[in-house]
Every structure is written in C-alpha cells, then in structure tokens.
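Some notes on the structure that comes next.
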Amino acid sequence: MAVANRSSPLVVGVAGLLFLAAELIEDRQAALRRLALPLGTPLGLCVLALLGWCLASVTWSPFPLLSLRVAGEFLPTLAAAYLVARLAPGRLPPGTARLAGLMLGLAGLYVVASLATDLAPQKAFGQRVALFVFNRPVMTMLLIGIPLVALLIRSGHARGAALALGLGLAAILRSVSGAATLGLAAALATWAVARVLPRRAALGLAGLGLGLAVALAPIEGDLLHRIMPEALHERLVQSSSRARVAIARSFGAAVAADPWRGAGYGTAARFAEAPVAAGLEPEMRSMLAVGHPHNSFLQVWAELGIVGAALAATALLLTLGSVAKLPRAELATVLALIAAAAAIAFVEHGAWQAWWVAGLGAAIAWTREGFAQAAAATTRLRPSALAR
C-alpha cells in the first residue's frame with residue numbers, strides 16, 4: 001500500500017472481502033453484529049447522516065455523473081476499509097505485526113534509496129520520474145506507522161519497531177512532501193501532549209484543533225494571504241505555497257457565495273464550471289480549475305455547505321469522545337494518529353480519494369489490533385493476579 005499506493009483500494013478491498021467471507025463462514029450472526037454495532041452509536045449515526053447528505057447533494061450537483069463517479073470510487077473503498085477495521089483486529093496470525101514492520105521498513109528504505117540515487121529505480125523501470133511520486137507513499141507510511149510502531153513496542157519487539165520507525169522517518173524527512181512532514185510534527189507534538197498533560201486537557205486541545213480546522217477552512221486563504229511574509233513563501237517554494245494560498249482564497253470565496261448547501265458532492269474537479277463560480281471575480285475563478293482545494297475541510301465546505309461541515313465536525317468530536325476512556329498509552333497513539341491525519345488533510349489531497357481512505361482504514365485496523373492484543377494480555381494475566 002505504501003509503495004504501490006494507487007493499488008491501496010484494491011488491497012483493502014480484497015482483504016475486506018476475505019475477512020468478511022471468513023467471518024460469515026465461522027459465525028454469520030456474530031459477524032453481522034460486529035459490523036452493525038458501531039452504526040447504531042451517535043458517531044455511527046452521524047457518519048451515516050453525513051453520507052446521506054453527500055448522496056442527497058447529488059440531486060443539486062451541476063455534474064451528477066461526476067458526483068456519482070466520485071462516489072463510485074469513494075464508497076466501495078470506505079466499505080472495504082470499514083470491513084478491515086472491524087474484522088481484522090484480533091484475527092491476525094502471530095507474527096503479522098513483525099512482518100508488517102519489516103515491510104514498512106523496506107518501503108522506507110526503497111524511498112530513501114530511490115531519492116538518494118536520483119530516482120534510478122523509476123528510470124530503470126520506465127516509471128514517472130518526479131520527486132513528488134513519493135508523496136503519497138510517505139503519507140501512507142506515516143498513517144500506518146504510528147499504530148504499528150506502538151503495537152510492536154507494546155508487544156516487546158523493540159528492534160522491529162526501531163527498524164520501521166527509523167526507515168519510515170528517514171523516508172518522510174528525505175521526501176519533498178511537506179504534508180507528511182507536517183503530519184509527522186503534529187503526531188509527535190500531540191503524542192507528547194497526551195503523555196504529559198491530564199487526559200481532559202489533551203482531549204480538549206485535540207478537540208480545539210479539529211474544531212478550528214473545520215471552522216477556519218473557508219477563511220484559510222484570506223488569513224494566510226494577510227499574515228504570510230514573502231520570505232516564508234520563498235522558503236516554501238517547493239510546496240507551491242503561493243499557489244496554495246490562491247487556491248484556498250478562491251474556494252473560500254465560493255463557500256462565501258453559497259455557504260448553506262454547497263455545490264454538490266464530488267464537484268471539485270469541475271468547480272470552475274459550477275454556477276457558483278460564475279459570480280466570482282475572474283482571478284478567483286481561474287484557481288478553481290485545479291481539481292480540489294488541497295484542504296479536505298475546505299472541500300467539504302465547498303461541496304456540502306454548512307450542513308456537511310457541521311456533520312463532519314460533529315463526527316470528529318464524537319470520535320474523540322469514543323476514545324476518551326482509553327488507557328493513557330493507547331490514547332496517546334490514537335490522538336497522534338488523528339493529529340497526523342488532520343494535519344495532512346488540511347494541506348494536501350482531495351477529501352474523497354480512495355488511496356487516502358484505504359490508508360486510514362489500515363491505520364485504524366492496526367490501532368484496534370493493538371487494543372485487541374492489550375485486552376488479550378490483560379485476560380491472560382488476570383488469573384495469576386487473583387491468585388496472588
């Protein structure tokens with residue numbers, strides 16, 4: 001999934017179907033209960049409401065076929081990711097985590113070696129020769145690496161954790177992906193905060209960060225336009241910071257022109273042709289043709305309006321509530337993963353891209369596998385504790 005990131009939806013899809021088939025053969029009723037249980041919780045109902053609003057918005061989308069095509073990529077991958085995240089934890093054979101850590105380390109080594117040799121492997125195999133080809137791989141490695149390294153450390157495989165962590169960090173820092181670097185910084189800072197501060201304070205800061213990410217998305221471009229000095233733009237030239245600010249301003253202007261229901265799900269690829277764009281200034285319309293606003297929160301605002309943004313914000317806060325009672329070590333890992341994902345989503349890809357959904361599903365699966373192993377270890381220790 002890290003190196004062949006465009007195949008991530010296929011990898012997750014096949015894995016999800018295999019786990020589902022095994023569960024149905026083993027115990028059909030139990031499998032259905034495991035899949036249905038989260039959907040009846042406040043978080044599950046909120047997510048279902050958001051998905052329903054996405055589908056409802058197709059009715060007013062100026063490009064319904066485009067909206068349906070985006071949904072046709074997003075929804076099956078989301079379903080597959082859900083299957084993996086719900087059914088894989090607690091079912092993985094012994095040694096799977098160590099093998100995954102080794103593979104993650106090898107992926108990091110491949111990225112570092114390719115960049116150090118001026119992309120020699122890409123040239124040899126006739127692949128695309130550009131430094132940014134590793135942006136998606138290192139973002140995927142970051143998502144999966146956070147819970148996987150934590151799991152390896154918790155289960156006593158320090159060398160495997162060190163291998164995955166060292167090579168993963170080298171790949172991220174050696175790459176030109178500013179989003180992955182930002183996600184790494186956010187993850188490390190959040191992990192440290194969650195380990196040091198009281199639980200309520202850590203959760204409060206995480207909730208504040210997520211809330212601001214949603215609330216400030218429509219005015220992100222204007223804020224950055226006013227406060228970012230020219231010298232900082234020069235330092236961030238590799239990240240195309242000027243263009244990103246202009247794109248954010250354009251999509252923010254589109255949100256201001258139609259803040260209530262948005263242009264319709266999946267319309268970002270043709271946003272410059274949407275009716276809402278016709279009323280904008282010419283210099284604003286030109287930047288709407290980039291395909292997406294490079295900010296998932298802003299894309300939700302532009303496509304789904306205030307209703308979609310409110311549902312997304314509620315889902316994020318309910319997610320924090322659902323993990324609030326975890327033990328401190330596990331809570332720190334979860335909050336670090338959420339921070340990394342939110343930071344990347346704020347500056348990078350389109351909201352509905354399948355490779356991103358697949359990576360998140362795999363990361364959640366590894367996180368829940370850590371919970372399952374911790375619970376199993378507690379169960380094994382309980383009889384001896386009672387005997388003492």
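Residues in the structure tokens are named by chain (A, B, ... in the order shown) and by number from 1 within that chain; ligands are numbered from 1 in the order shown.
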Practice item. Enumerate as an NGL selection string all residues of stretch 248-362 of chain A assigned to helix (DSSP H, G or I) by DSSP on the backbone, naming them with the chain letters and numbers the document uses. Key: :A and (248-257 or 268-273 or 275-278 or 282-290 or 296-322 or 328-347 or 354-362)
Selection file, C-alpha atoms, as a PDB file, in the first residue's frame:
ATOM      1  CA  ALA A 248      -7.694  28.420  -0.772  1.00  0.00           C
ATOM      2  CA  ARG A 249      -8.844  32.020  -1.331  1.00  0.00           C
ATOM      3  CA  SER A 250     -10.751  31.001  -4.470  1.00  0.00           C
ATOM      4  CA  PHE A 251     -12.567  28.098  -2.844  1.00  0.00           C
ATOM      5  CA  GLY A 252     -13.197  30.217   0.242  1.00  0.00           C
ATOM      6  CA  ALA A 253     -14.851  32.835  -1.959  1.00  0.00           C
ATOM      7  CA  ALA A 254     -17.014  30.091  -3.463  1.00  0.00           C
ATOM      8  CA  VAL A 255     -18.080  28.993   0.028  1.00  0.00           C
ATOM      9  CA  ALA A 256     -18.993  32.569   0.908  1.00  0.00           C
ATOM     10  CA  ALA A 257     -21.116  32.796  -2.249  1.00  0.00           C
ATOM     11  CA  ALA A 268     -14.316  19.882  -7.047  1.00  0.00           C
ATOM     12  CA  ALA A 269     -12.820  18.529 -10.280  1.00  0.00           C
ATOM     13  CA  ARG A 270     -15.076  20.853 -12.318  1.00  0.00           C
ATOM     14  CA  PHE A 271     -15.689  23.558  -9.762  1.00  0.00           C
ATOM     15  CA  ALA A 272     -14.658  26.334 -12.149  1.00  0.00           C
ATOM     16  CA  GLU A 273     -17.683  25.406 -14.291  1.00  0.00           C
ATOM     17  CA  PRO A 275     -22.840  28.005 -11.249  1.00  0.00           C
ATOM     18  CA  VAL A 276     -21.426  29.396  -8.005  1.00  0.00           C
ATOM     19  CA  ALA A 277     -18.149  30.186  -9.795  1.00  0.00           C
ATOM     20  CA  ALA A 278     -19.859  32.425 -12.338  1.00  0.00           C
ATOM     21  CA  PRO A 282     -12.065  36.265 -12.893  1.00  0.00           C
ATOM     22  CA  GLU A 283      -8.827  35.873 -10.923  1.00  0.00           C
ATOM     23  CA  MET A 284     -10.698  33.780  -8.380  1.00  0.00           C
ATOM     24  CA  ARG A 285     -12.352  31.546 -10.988  1.00  0.00           C
ATOM     25  CA  SER A 286      -9.063  30.595 -12.630  1.00  0.00           C
ATOM     26  CA  MET A 287      -7.750  28.886  -9.483  1.00  0.00           C
ATOM     27  CA  LEU A 288     -10.909  26.778  -9.121  1.00  0.00           C
ATOM     28  CA  ALA A 289      -9.762  24.626 -12.033  1.00  0.00           C
ATOM     29  CA  VAL A 290      -7.015  22.847 -10.066  1.00  0.00           C
ATOM     30  CA  SER A 296     -10.292  18.340   2.788  1.00  0.00           C
ATOM     31  CA  PHE A 297     -12.110  20.509   5.316  1.00  0.00           C
ATOM     32  CA  LEU A 298     -12.466  23.315   2.772  1.00  0.00           C
ATOM     33  CA  GLN A 299     -13.618  20.824   0.134  1.00  0.00           C
ATOM     34  CA  VAL A 300     -16.394  19.642   2.452  1.00  0.00           C
ATOM     35  CA  TRP A 301     -17.485  23.260   2.925  1.00  0.00           C
ATOM     36  CA  ALA A 302     -17.407  23.981  -0.822  1.00  0.00           C
ATOM     37  CA  GLU A 303     -19.255  20.824  -1.867  1.00  0.00           C
ATOM     38  CA  LEU A 304     -21.583  20.161   1.083  1.00  0.00           C
ATOM     39  CA  GLY A 305     -22.055  23.583   2.674  1.00  0.00           C
ATOM     40  CA  ILE A 306     -22.565  24.343   6.329  1.00  0.00           C
ATOM     41  CA  VAL A 307     -24.679  21.215   6.857  1.00  0.00           C
ATOM     42  CA  GLY A 308     -21.878  18.933   5.641  1.00  0.00           C
ATOM     43  CA  ALA A 309     -19.262  20.881   7.611  1.00  0.00           C
ATOM     44  CA  ALA A 310     -21.346  20.682  10.794  1.00  0.00           C
ATOM     45  CA  LEU A 311     -21.847  16.929  10.398  1.00  0.00           C
ATOM     46  CA  ALA A 312     -18.135  16.414   9.715  1.00  0.00           C
ATOM     47  CA  ALA A 313     -17.160  18.467  12.769  1.00  0.00           C
ATOM     48  CA  THR A 314     -19.637  16.554  14.931  1.00  0.00           C
ATOM     49  CA  ALA A 315     -18.251  13.229  13.713  1.00  0.00           C
ATOM     50  CA  LEU A 316     -14.706  14.313  14.543  1.00  0.00           C
ATOM     51  CA  LEU A 317     -15.646  15.409  18.059  1.00  0.00           C
ATOM     52  CA  LEU A 318     -17.651  12.229  18.651  1.00  0.00           C
ATOM     53  CA  THR A 319     -14.575  10.274  17.577  1.00  0.00           C
ATOM     54  CA  LEU A 320     -12.615  11.954  20.348  1.00  0.00           C
ATOM     55  CA  GLY A 321     -15.396  11.119  22.779  1.00  0.00           C
ATOM     56  CA  SER A 322     -15.320   7.467  21.751  1.00  0.00           C
ATOM     57  CA  ARG A 328      -3.026   6.782  28.538  1.00  0.00           C
ATOM     58  CA  ALA A 329      -0.566   4.991  26.233  1.00  0.00           C
ATOM     59  CA  GLU A 330      -3.284   3.904  23.804  1.00  0.00           C
ATOM     60  CA  LEU A 331      -4.946   7.326  23.928  1.00  0.00           C
ATOM     61  CA  ALA A 332      -1.647   8.990  23.027  1.00  0.00           C
ATOM     62  CA  THR A 333      -1.309   6.734  19.962  1.00  0.00           C
ATOM     63  CA  VAL A 334      -4.866   7.416  18.824  1.00  0.00           C
ATOM     64  CA  LEU A 335      -4.570  11.172  19.263  1.00  0.00           C
ATOM     65  CA  ALA A 336      -1.232  11.165  17.412  1.00  0.00           C
ATOM     66  CA  LEU A 337      -2.878   9.325  14.502  1.00  0.00           C
ATOM     67  CA  ILE A 338      -5.822  11.742  14.460  1.00  0.00           C
ATOM     68  CA  ALA A 339      -3.466  14.736  14.535  1.00  0.00           C
ATOM     69  CA  ALA A 340      -1.351  13.378  11.687  1.00  0.00           C
ATOM     70  CA  ALA A 341      -4.402  12.648   9.535  1.00  0.00           C
ATOM     71  CA  ALA A 342      -5.975  16.048  10.260  1.00  0.00           C
ATOM     72  CA  ALA A 343      -2.752  17.930   9.511  1.00  0.00           C
ATOM     73  CA  ILE A 344      -2.315  16.144   6.179  1.00  0.00           C
ATOM     74  CA  ALA A 345      -5.977  16.627   5.286  1.00  0.00           C
ATOM     75  CA  PHE A 346      -5.678  20.363   5.956  1.00  0.00           C
ATOM     76  CA  VAL A 347      -2.946  20.919   3.363  1.00  0.00           C
ATOM     77  CA  ALA A 354      -9.655   6.201  -2.408  1.00  0.00           C
ATOM     78  CA  TRP A 355      -5.952   5.748  -1.583  1.00  0.00           C
ATOM     79  CA  TRP A 356      -6.398   8.048   1.430  1.00  0.00           C
ATOM     80  CA  VAL A 357      -9.480   6.192   2.674  1.00  0.00           C
ATOM     81  CA  ALA A 358      -7.652   2.875   2.293  1.00  0.00           C
ATOM     82  CA  GLY A 359      -4.674   4.159   4.277  1.00  0.00           C
ATOM     83  CA  LEU A 360      -6.912   5.420   7.068  1.00  0.00           C
ATOM     84  CA  GLY A 361      -8.730   2.076   7.180  1.00  0.00           C
ATOM     85  CA  ALA A 362      -5.461   0.182   7.503  1.00  0.00           C
TER      86      ALA A 362
END
Check your understanding: From the list A:Leu24, A:Ala179, A:Leu216, A:Ala194, which residue is nearest A:Pro327 when using only C-alpha atoms?
Key -> A:Ala194
Point to revise | Of the listed residues A:Ser177, A:Leu43, A:Leu212, A:Gly166, that which approaches A:Gly105 most closely, counting only C-alpha atoms | key: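 Looking at the shortest contact to A:Gly105, the residue is A:Gly166.
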